[in-house]
file entry_21.txt (compact mmCIF, C-alpha atoms and all ligand atoms)
# COMPACT_ATOMS: atom_id res chain seq x y z
CA PRO J 1 -24.81 -51.18 -140.92
CA ALA J 2 -22.24 -50.49 -143.62
CA ARG J 3 -21.78 -46.98 -142.19
CA HIS J 4 -20.33 -48.39 -138.95
CA THR J 5 -17.09 -49.46 -140.53
CA LEU J 6 -13.98 -49.38 -138.32
CA ARG J 7 -11.99 -46.21 -138.75
CA ARG J 8 -8.26 -46.23 -139.08
CA ASP J 9 -6.12 -45.31 -136.04
CA GLY J 10 -5.32 -41.80 -137.20
CA GLU J 11 -8.97 -40.97 -137.65
CA LEU J 12 -9.80 -42.27 -134.18
CA ARG J 13 -7.03 -40.21 -132.61
CA ALA J 14 -8.25 -37.07 -134.34
CA LEU J 15 -11.79 -37.76 -133.25
CA ARG J 16 -10.66 -38.28 -129.65
CA GLN J 17 -8.71 -35.03 -129.71
CA VAL J 18 -11.67 -33.03 -131.00
CA THR J 19 -13.88 -34.57 -128.34
CA THR J 20 -11.37 -33.64 -125.60
CA GLU J 21 -11.06 -30.08 -126.88
CA PHE J 22 -14.82 -29.72 -126.99
CA ARG J 23 -15.14 -30.99 -123.43
CA LEU J 24 -12.43 -28.59 -122.16
CA ALA J 25 -14.05 -25.66 -123.92
CA ALA J 26 -17.43 -26.58 -122.50
CA GLU J 27 -16.12 -26.83 -118.94
CA PRO J 28 -17.48 -24.05 -116.74
CA GLY J 29 -15.13 -21.13 -116.06
CA PRO J 30 -14.86 -19.39 -112.68
CA LYS J 31 -18.17 -19.83 -110.88
CA ALA J 32 -20.54 -16.84 -111.03
CA PRO J 33 -21.14 -15.43 -107.56
CA SER J 34 -24.40 -16.41 -105.92
CA ASP J 35 -27.40 -14.11 -105.68
CA GLN J 36 -27.68 -15.12 -102.02
CA PRO J 37 -25.42 -13.86 -99.24
CA THR J 38 -23.28 -16.16 -97.12
CA ARG J 39 -23.66 -14.77 -93.61
CA THR J 40 -22.18 -15.90 -90.30
CA ILE J 41 -22.92 -14.13 -87.03
CA HIS J 42 -20.59 -14.73 -84.08
CA ASP J 43 -20.97 -13.95 -80.39
CA ALA J 44 -17.89 -12.51 -78.65
CA GLY J 45 -19.45 -13.11 -75.21
CA HIS J 46 -18.36 -9.62 -74.07
CA ARG J 47 -14.73 -10.41 -74.79
CA THR J 48 -12.54 -9.00 -77.57
CA ASP J 49 -11.30 -12.14 -79.35
CA LEU J 50 -12.53 -12.22 -82.94
CA PRO J 51 -14.53 -13.66 -84.47
CA GLY J 52 -15.88 -15.43 -81.34
CA THR J 53 -18.36 -18.32 -81.43
CA ALA J 54 -20.50 -18.81 -84.54
CA VAL J 55 -24.14 -18.64 -83.46
CA ARG J 56 -26.10 -18.23 -86.70
CA ARG J 57 -25.08 -19.37 -90.17
CA GLU J 58 -26.69 -18.68 -93.55
CA GLY J 59 -30.10 -20.26 -93.90
CA GLU J 60 -30.53 -20.96 -90.20
CA PRO J 61 -33.71 -19.66 -88.59
CA PRO J 62 -33.72 -16.82 -86.06
CA GLY J 63 -32.78 -17.76 -82.50
CA GLN J 64 -33.47 -16.14 -79.14
CA ASP J 65 -30.88 -13.36 -79.33
CA ALA J 66 -32.41 -10.27 -80.97
CA THR J 67 -28.97 -8.72 -81.46
CA VAL J 68 -27.82 -11.74 -83.50
CA ASN J 69 -31.00 -11.62 -85.56
CA ARG J 70 -30.69 -7.89 -86.27
CA ALA J 71 -27.08 -8.34 -87.38
CA TYR J 72 -28.11 -11.22 -89.67
CA SER J 73 -30.99 -9.23 -91.20
CA GLY J 74 -28.89 -6.08 -91.54
CA LEU J 75 -26.18 -7.93 -93.43
CA GLY J 76 -28.92 -9.32 -95.69
CA ALA J 77 -30.44 -5.89 -96.33
CA THR J 78 -27.01 -4.50 -97.23
CA PHE J 79 -26.31 -7.40 -99.61
CA GLU J 80 -29.73 -6.79 -101.22
CA LEU J 81 -29.22 -3.09 -102.00
CA PHE J 82 -25.80 -3.61 -103.54
CA LEU J 83 -26.93 -6.64 -105.59
CA ARG J 84 -30.45 -5.67 -106.72
CA VAL J 85 -29.76 -2.00 -107.38
CA TYR J 86 -26.11 -1.85 -108.40
CA GLY J 87 -25.48 -5.45 -109.51
CA ARG J 88 -22.69 -5.84 -106.97
CA HIS J 89 -22.13 -9.27 -105.45
CA SER J 90 -21.34 -8.60 -101.80
CA ILE J 91 -18.63 -6.31 -100.42
CA ASP J 92 -15.89 -7.23 -102.87
CA GLY J 93 -18.14 -7.76 -105.89
CA GLU J 94 -17.17 -11.45 -105.89
CA GLY J 95 -19.49 -12.88 -103.27
CA LEU J 96 -17.34 -12.34 -100.19
CA PRO J 97 -18.91 -14.13 -97.19
CA LEU J 98 -20.29 -11.63 -94.67
CA VAL J 99 -19.04 -12.06 -91.12
CA ALA J 100 -20.18 -10.15 -88.05
CA THR J 101 -19.45 -10.37 -84.34
CA VAL J 102 -21.94 -9.08 -81.76
CA HIS J 103 -21.62 -8.55 -77.98
CA TYR J 104 -18.07 -7.32 -78.48
CA ASP J 105 -16.35 -6.28 -75.21
CA GLU J 106 -18.23 -4.85 -72.24
CA GLN J 107 -20.40 -1.74 -72.62
CA TYR J 108 -18.63 -1.11 -75.93
CA ASP J 109 -19.79 2.18 -77.45
CA ASN J 110 -19.07 1.62 -81.13
CA ALA J 111 -19.31 -0.61 -84.18
CA PHE J 112 -16.62 -1.02 -86.81
CA TRP J 113 -15.36 -2.81 -89.91
CA ASN J 114 -11.91 -4.24 -89.11
CA GLY J 115 -10.88 -4.79 -92.72
CA GLU J 116 -12.36 -8.29 -92.78
CA GLN J 117 -15.56 -8.32 -90.74
CA MET J 118 -18.15 -6.30 -88.82
CA VAL J 119 -17.95 -5.81 -85.06
CA PHE J 120 -20.82 -4.49 -82.89
CA GLY J 121 -20.80 -3.34 -79.28
CA ASP J 122 -23.83 -3.47 -76.99
CA GLY J 123 -23.39 0.15 -75.91
CA ASP J 124 -23.15 1.19 -72.29
CA GLY J 125 -26.89 1.67 -71.96
CA GLU J 126 -26.36 5.19 -70.59
CA VAL J 127 -25.34 7.02 -73.74
CA PHE J 128 -25.60 4.36 -76.46
CA LEU J 129 -27.82 1.33 -76.86
CA ASP J 130 -27.06 -1.79 -78.94
CA PHE J 131 -25.24 -0.83 -82.17
CA THR J 132 -27.21 -3.38 -84.22
CA LEU J 133 -30.41 -1.37 -83.64
CA PRO J 134 -30.09 1.10 -86.55
CA LEU J 135 -29.98 -0.54 -89.98
CA ASP J 136 -28.09 2.46 -91.39
CA VAL J 137 -25.28 1.84 -88.88
CA ILE J 138 -24.96 -1.77 -90.05
CA GLY J 139 -24.99 -0.53 -93.65
CA HIS J 140 -22.46 2.19 -92.83
CA GLU J 141 -19.94 -0.28 -91.42
CA LEU J 142 -20.30 -2.75 -94.30
CA THR J 143 -19.94 0.06 -96.82
CA HIS J 144 -16.47 0.71 -95.35
CA GLY J 145 -15.71 -2.74 -96.77
CA VAL J 146 -17.04 -1.75 -100.22
CA THR J 147 -14.90 1.41 -100.18
CA GLN J 148 -11.86 -0.62 -99.13
CA HIS J 149 -12.38 -2.89 -102.15
CA THR J 150 -13.02 -0.02 -104.61
CA ALA J 151 -11.82 3.60 -104.28
CA ASN J 152 -9.95 2.81 -101.05
CA LEU J 153 -10.25 6.42 -99.86
CA THR J 154 -7.46 7.25 -97.40
CA TYR J 155 -8.90 7.58 -93.91
CA TYR J 156 -7.57 11.07 -93.16
CA GLY J 157 -8.66 14.63 -93.88
CA GLN J 158 -10.97 15.24 -96.86
CA SER J 159 -10.52 11.77 -98.38
CA GLY J 160 -11.29 10.33 -94.93
CA ALA J 161 -14.40 12.50 -94.64
CA LEU J 162 -15.43 11.25 -98.12
CA ASN J 163 -14.86 7.68 -96.91
CA GLU J 164 -17.12 8.38 -93.92
CA SER J 165 -19.70 10.15 -96.09
CA VAL J 166 -19.88 7.29 -98.61
CA SER J 167 -20.64 4.96 -95.66
CA ASP J 168 -23.39 7.31 -94.45
CA VAL J 169 -24.85 7.66 -97.97
CA PHE J 170 -25.13 3.92 -98.61
CA GLY J 171 -26.02 3.21 -94.97
CA SER J 172 -28.98 5.54 -95.37
CA LEU J 173 -29.87 4.10 -98.80
CA ILE J 174 -29.84 0.57 -97.37
CA LYS J 175 -32.43 1.67 -94.80
CA GLN J 176 -34.48 3.59 -97.39
CA TYR J 177 -34.45 0.60 -99.77
CA ALA J 178 -35.48 -1.82 -97.02
CA LEU J 179 -38.36 0.50 -96.00
CA GLY J 180 -39.29 1.40 -99.59
CA GLN J 181 -38.98 5.10 -98.80
CA THR J 182 -38.69 8.01 -101.22
CA ALA J 183 -36.13 10.76 -100.68
CA GLY J 184 -38.95 12.93 -99.37
CA ASP J 185 -40.08 10.32 -96.81
CA ALA J 186 -36.63 9.37 -95.46
CA ASP J 187 -35.37 10.76 -92.14
CA TRP J 188 -31.80 11.14 -93.47
CA LEU J 189 -30.53 10.31 -89.98
CA ILE J 190 -27.66 7.95 -89.22
CA GLY J 191 -28.18 6.01 -86.02
CA ALA J 192 -31.77 6.92 -85.13
CA GLY J 193 -32.74 4.75 -82.13
CA LEU J 194 -29.15 4.33 -80.96
CA LEU J 195 -29.06 7.05 -78.30
CA ALA J 196 -30.16 6.00 -74.82
CA PRO J 197 -33.44 7.50 -73.53
CA GLY J 198 -31.68 10.03 -71.28
CA VAL J 199 -29.63 11.54 -74.10
CA THR J 200 -30.79 14.78 -75.71
CA GLY J 201 -30.72 14.00 -79.41
CA SER J 202 -32.21 11.91 -82.19
CA ALA J 203 -29.24 10.18 -83.84
CA LEU J 204 -25.49 10.22 -84.48
CA ARG J 205 -25.68 12.41 -87.57
CA SER J 206 -28.18 14.15 -89.82
CA MET J 207 -27.58 14.38 -93.56
CA LYS J 208 -30.55 16.74 -93.90
CA ALA J 209 -29.33 19.12 -91.20
CA PRO J 210 -25.74 18.34 -90.18
CA GLY J 211 -24.94 19.76 -86.74
CA THR J 212 -28.42 19.17 -85.30
CA ALA J 213 -28.44 15.43 -84.48
CA TYR J 214 -27.77 15.92 -80.74
CA ASP J 215 -26.96 18.54 -78.13
CA ASP J 216 -26.25 16.76 -74.87
CA ASP J 217 -24.43 17.27 -71.56
CA VAL J 218 -22.30 14.15 -72.07
CA LEU J 219 -22.02 14.02 -75.88
CA GLY J 220 -21.80 17.78 -76.36
CA LYS J 221 -23.18 19.39 -79.50
CA ASP J 222 -23.16 17.66 -82.89
CA PRO J 223 -20.04 19.21 -84.48
CA GLN J 224 -20.89 18.58 -88.14
CA PRO J 225 -20.80 21.42 -90.69
CA ALA J 226 -23.19 21.45 -93.66
CA THR J 227 -21.08 23.72 -95.87
CA MET J 228 -17.43 24.56 -96.59
CA ALA J 229 -17.79 27.88 -94.76
CA TYR J 230 -17.77 25.86 -91.52
CA TYR J 231 -15.20 23.21 -92.50
CA VAL J 232 -13.42 22.11 -89.30
CA ARG J 233 -9.61 22.04 -89.38
CA THR J 234 -8.50 19.58 -86.73
CA GLY J 235 -5.99 16.80 -86.24
CA ARG J 236 -8.37 14.83 -84.01
CA ASP J 237 -10.45 11.96 -85.39
CA ASN J 238 -8.09 11.46 -88.34
CA GLY J 239 -8.47 15.09 -89.31
CA GLY J 240 -12.18 15.31 -88.50
CA VAL J 241 -13.43 12.46 -90.71
CA HIS J 242 -16.72 12.10 -88.78
CA ILE J 243 -17.13 15.89 -88.60
CA ASN J 244 -16.51 17.17 -92.12
CA SER J 245 -18.41 14.24 -93.66
CA GLY J 246 -21.41 16.49 -92.97
CA ILE J 247 -20.51 18.52 -96.08
CA PRO J 248 -20.60 15.73 -98.72
CA ASN J 249 -23.49 14.12 -96.78
CA HIS J 250 -25.52 17.29 -97.19
CA ALA J 251 -24.62 17.55 -100.88
CA PHE J 252 -26.00 14.03 -101.41
CA TYR J 253 -29.16 14.89 -99.47
CA LEU J 254 -29.68 18.05 -101.56
CA ALA J 255 -29.17 16.22 -104.88
CA ALA J 256 -31.37 13.27 -103.87
CA THR J 257 -34.27 15.38 -102.58
CA ALA J 258 -34.10 17.74 -105.57
CA LEU J 259 -34.47 14.72 -107.86
CA GLY J 260 -37.19 13.07 -105.75
CA GLY J 261 -38.32 9.47 -105.99
CA HIS J 262 -36.11 6.67 -104.69
CA ALA J 263 -32.72 8.12 -103.78
CA TRP J 264 -30.87 4.92 -104.67
CA GLU J 265 -31.98 5.11 -108.33
CA LYS J 266 -30.40 8.38 -109.43
CA ALA J 267 -28.25 10.13 -106.80
CA GLY J 268 -27.23 6.74 -105.35
CA GLN J 269 -26.33 5.39 -108.81
CA ILE J 270 -24.19 8.46 -109.53
CA TRP J 271 -22.34 8.17 -106.20
CA TYR J 272 -21.89 4.41 -106.78
CA ASP J 273 -20.50 5.07 -110.28
CA VAL J 274 -17.89 7.44 -108.81
CA LEU J 275 -16.96 5.09 -105.94
CA THR J 276 -16.42 2.14 -108.25
CA GLY J 277 -15.51 3.81 -111.56
CA GLY J 278 -11.74 3.76 -111.10
CA GLU J 279 -11.19 7.50 -111.53
CA LEU J 280 -11.45 8.53 -107.87
CA ALA J 281 -8.00 8.91 -106.28
CA GLU J 282 -7.34 7.40 -102.84
CA ARG J 283 -6.47 10.88 -101.58
CA ALA J 284 -9.31 12.66 -103.36
CA LEU J 285 -10.46 16.04 -102.07
CA PHE J 286 -14.14 17.08 -101.90
CA ALA J 287 -13.74 19.00 -105.19
CA ASP J 288 -12.33 15.90 -106.93
CA PHE J 289 -15.26 13.79 -105.79
CA ALA J 290 -17.76 16.53 -106.67
CA GLY J 291 -16.34 16.92 -110.19
CA LEU J 292 -16.60 13.19 -110.78
CA THR J 293 -20.25 13.09 -109.63
CA VAL J 294 -21.14 15.79 -112.14
CA LYS J 295 -19.32 13.84 -114.87
CA ALA J 296 -21.02 10.59 -113.81
CA ALA J 297 -24.44 12.27 -113.80
CA ARG J 298 -23.87 13.42 -117.37
CA GLU J 299 -22.53 10.08 -118.54
CA ARG J 300 -25.30 7.99 -117.03
CA PHE J 301 -28.32 10.27 -117.39
CA GLY J 302 -27.44 12.66 -120.22
CA ASP J 303 -26.10 16.15 -120.70
CA GLY J 304 -29.08 18.42 -120.35
CA GLY J 305 -30.74 16.21 -117.74
CA ASP J 306 -32.19 17.10 -114.32
CA GLU J 307 -29.62 14.78 -112.75
CA PHE J 308 -26.61 16.74 -113.97
CA GLU J 309 -28.14 20.03 -112.84
CA ALA J 310 -29.28 18.70 -109.43
CA VAL J 311 -25.82 17.33 -108.66
CA ARG J 312 -24.01 20.45 -109.82
CA LYS J 313 -26.32 22.67 -107.77
CA ALA J 314 -26.05 20.49 -104.65
CA TRP J 315 -22.27 20.92 -104.51
CA GLU J 316 -22.60 24.63 -105.20
CA GLN J 317 -24.97 24.93 -102.22
CA VAL J 318 -22.44 23.35 -99.85
CA GLY J 319 -19.60 25.49 -101.24
CA VAL J 320 -17.64 22.80 -103.08
CA ARG J 321 -16.53 23.73 -106.60
CA THR J 322 -17.13 21.22 -109.38
N1 LIG R 401 -18.16 3.52 -86.14
C1 LIG R 401 -16.97 4.17 -86.56
C2 LIG R 401 -16.97 4.30 -88.06
O1 LIG R 401 -17.38 3.43 -88.77
C3 LIG R 401 -15.80 3.41 -86.08
C4 LIG R 401 -14.54 3.93 -86.63
O2 LIG R 401 -13.97 3.27 -87.50
N2 LIG R 401 -14.08 5.06 -86.22
O3 LIG R 401 -16.53 5.28 -88.57
ZN ZN R 402 -17.43 4.98 -90.46
call {"tool": "encode", "arguments": {"input": "entry_21.txt", "output": "structure tokens", "more": "lines below"}}
Ligand code: ASN
Ligand code: ZN
result
Amino acid sequence: PARHTLRRDGELRALRQVTTEFRLAAEPGPKAPSDQPTRTIHDAGHRTDLPGTAVRREGEPPGQDATVNRAYSGLGATFELFLRVYGRHSIDGEGLPLVATVHYDEQYDNAFWNGEQMVFGDGDGEVFLDFTLPLDVIGHELTHGVTQHTANLTYYGQSGALNESVSDVFGSLIKQYALGQTAGDADWLIGAGLLAPGVTGSALRSMKAPGTAYDDDVLGKDPQPATMAYYVRTGRDNGGVHINSGIPNHAFYLAATALGGHAWEKAGQIWYDVLTGGELAERALFADFAGLTVKAARERFGDGGDEFEAVRKAWEQVGVRT
């Protein structure tokens, strides 16, 4: 009992101060982002006001609308690849809530990222079906958000084609990861299942064989080149961003299939390192991107490794100098 003697005022004040400092130091800092997505799917009811009416929030069970459910699952699959494989928390790396709107407009033949959220049309049913059908299309659109928050590649000319290609690469990887496919098993198509039954073609684009995805009376022939020898100089489509993306797409396909196994582990990691590494300029040309992938392959997997050689050779095959 003698130990519990009253302390003098000064001692008490000092003790209180130490206690306060300890409590402040122990207080949690900024909250770590969750390992679960925060998804909200809206229905535009065939109008164009965004975001429309919320119809499924995170944690809610599937409802009757298959389009809503596909959007919800696709957002989840995209979140999973970026988190589990690359350690990225959502689109911005800080747990950004994922928002999508389905049934946008009437017979709307596209899907897009508007800088803040995903938007999906139902297609006209004659040329295109529902844009939530292909998982790689959902992944493609969300990856535009990742690019916006990282390298921010300017959407024109070669940097625009790189922006498009990065969306195709991770769109395809999201599908491959969800299906557990190896590079050898994957179809390397973007938008398989999107073309209406009457259309002559298999998908929107092929990373394996750019220029062969469709050849149709209405759509025309797939205009994508696979190599620089066929690079298309045009002012249309922001300087051919959806056309010339065939070249970096094919380089990724060549590197990933040469390496084998799961494409997201090596080729995907290298491309992710370049996209997020801070060295890629907003107006990068193909050669800038290519050079950085070779550097990233060396830095992550070693100098004399298969990865370095596979990446270098892939760009050489499509005619881009590294
Ligand atoms: N679906 C197209 C894309 O993501 C829409 C667009 O932005 N042009 O590239
Ligand atoms: Zn795109």
call {"tool": "atom_distance", "arguments": {"input": "entry_21.txt", "atom1": "atom CA of Thr40 of chain J", "atom2": "atom CA of Pro62 of chain J"}}
result
12.3 Å
call {"tool": "atom_distance", "arguments": {"input": "entry_21.txt", "atom1": "atom CA of His140 of chain J", "atom2": "atom CA of Tyr155 of chain J"}}
result
14.6 Å
call {"tool": "residues_near_ligand", "arguments": {"input": "entry_21.txt", "ligand": "ligand ZN 402 (chain R)", "cutoff": "12 Å", "atoms": "only C-alpha atoms and all ligand atoms", "output": "PyMOL selection string"}}
result
chain J and resi 110-115+118+136-148+153+155-156+160-171+190-191+204-205+237-238+240-243+245
call {"tool": "atom_distance", "arguments": {"input": "entry_21.txt", "atom1": "atom CA of Glu282 of chain J", "atom2": "atom CA of Tyr230 of chain J"}}
result
24.0 Å
call {"tool": "closest_residue", "arguments": {"input": "entry_21.txt", "among": "J:Gly305, J:Gly121, J:Gly261, J:Gly235", "to": "ligand LIG 401 (chain R)", "atoms": "all atoms listed in the file"}}
result
J:Gly121
call {"tool": "residues_around", "arguments": {"input": "entry_21.txt", "residues": "Lys313 of chain J", "least_positions_apart": "4", "cutoff": "10 Å", "atoms": "only C-alpha atoms", "output": "JSON, numbers by chain"}}
result
{"J": [251, 254, 255, 258, 294, 307, 308, 309, 317, 318, 319, 320, 321, 322]}
call {"tool": "residues_near_point", "arguments": {"input": "entry_21.txt", "point": "(-15.0, -11.0, -81.6)", "cutoff": "8 Å", "atoms": "only C-alpha atoms", "output": "list in words"}}
result
His42, Asp43, Ala44, Arg47, Thr48, Asp49, Leu50, Pro51, Gly52, Thr101, Val102, His103, Tyr104 and Val119 of chain J
call {"tool": "closest_residue", "arguments": {"input": "entry_21.txt", "among": "J:Val274, J:Leu259, J:Leu83, J:Leu98", "to": "Glu116 of chain J", "atoms": "all atoms listed in the file"}}
result
J:Leu98
call {"tool": "residues_around", "arguments": {"input": "entry_21.txt", "residues": "Pro210 of chain J", "least_positions_apart": "6", "cutoff": "7 Å", "atoms": "all atoms listed in the file", "output": "PyMOL selection string"}}
result
chain J and resi 224-226+246
call {"tool": "closest_residue", "arguments": {"input": "entry_21.txt", "among": "J:Thr257, J:Gly95, J:Phe131, J:Gly76", "to": "ligand LIG 401 (chain R)", "atoms": "only C-alpha atoms and all ligand atoms"}}
result
J:Phe131
call {"tool": "closest_residue", "arguments": {"input": "entry_21.txt", "among": "J:Gly87, J:Gly157, J:Pro61, J:Pro30", "to": "Arg233 of chain J", "atoms": "only C-alpha atoms"}}
result
J:Gly157
call {"tool": "closest_residue", "arguments": {"input": "entry_21.txt", "among": "J:Asp109, J:Gly277, J:Tyr272, J:Ala310", "to": "ligand LIG 401 (chain R)", "atoms": "only C-alpha atoms and all ligand atoms"}}
result
J:Asp109
call {"tool": "residues_around", "arguments": {"input": "entry_21.txt", "residues": "Leu96 of chain J", "least_positions_apart": "4", "cutoff": "10 Å", "atoms": "all atoms listed in the file", "output": "PyMOL selection string"}}
result
chain J and resi 33-34+37-39+89-92+116
call {"tool": "axis_aligned_box", "arguments": {"input": "entry_21.txt", "around": "ligand LIG 401 (chain R)", "padding_each_side": "5 Å", "output": "lines of an AutoDock Vina configuration file"}}
result
center_x = -16.1
center_y = 4.3
center_z = -87.4
size_x = 14.2
size_y = 12.0
size_z = 12.7
call {"tool": "closest_residue", "arguments": {"input": "entry_21.txt", "among": "J:Tyr72, J:Phe301, J:Phe120, J:Tyr86", "to": "ligand LIG 401 (chain R)", "atoms": "all atoms listed in the file"}}
result
J:Phe120
call {"tool": "residues_near_point", "arguments": {"input": "entry_21.txt", "point": "(-17.2, 14.3, -108.7)", "cutoff": "12 Å", "atoms": "all atoms listed in the file", "output": "ChimeraX atom specification"}}
result
/J:162,248,251-252,267,270-275,277,279-281,284-299,308,311-312,314-315,320-322
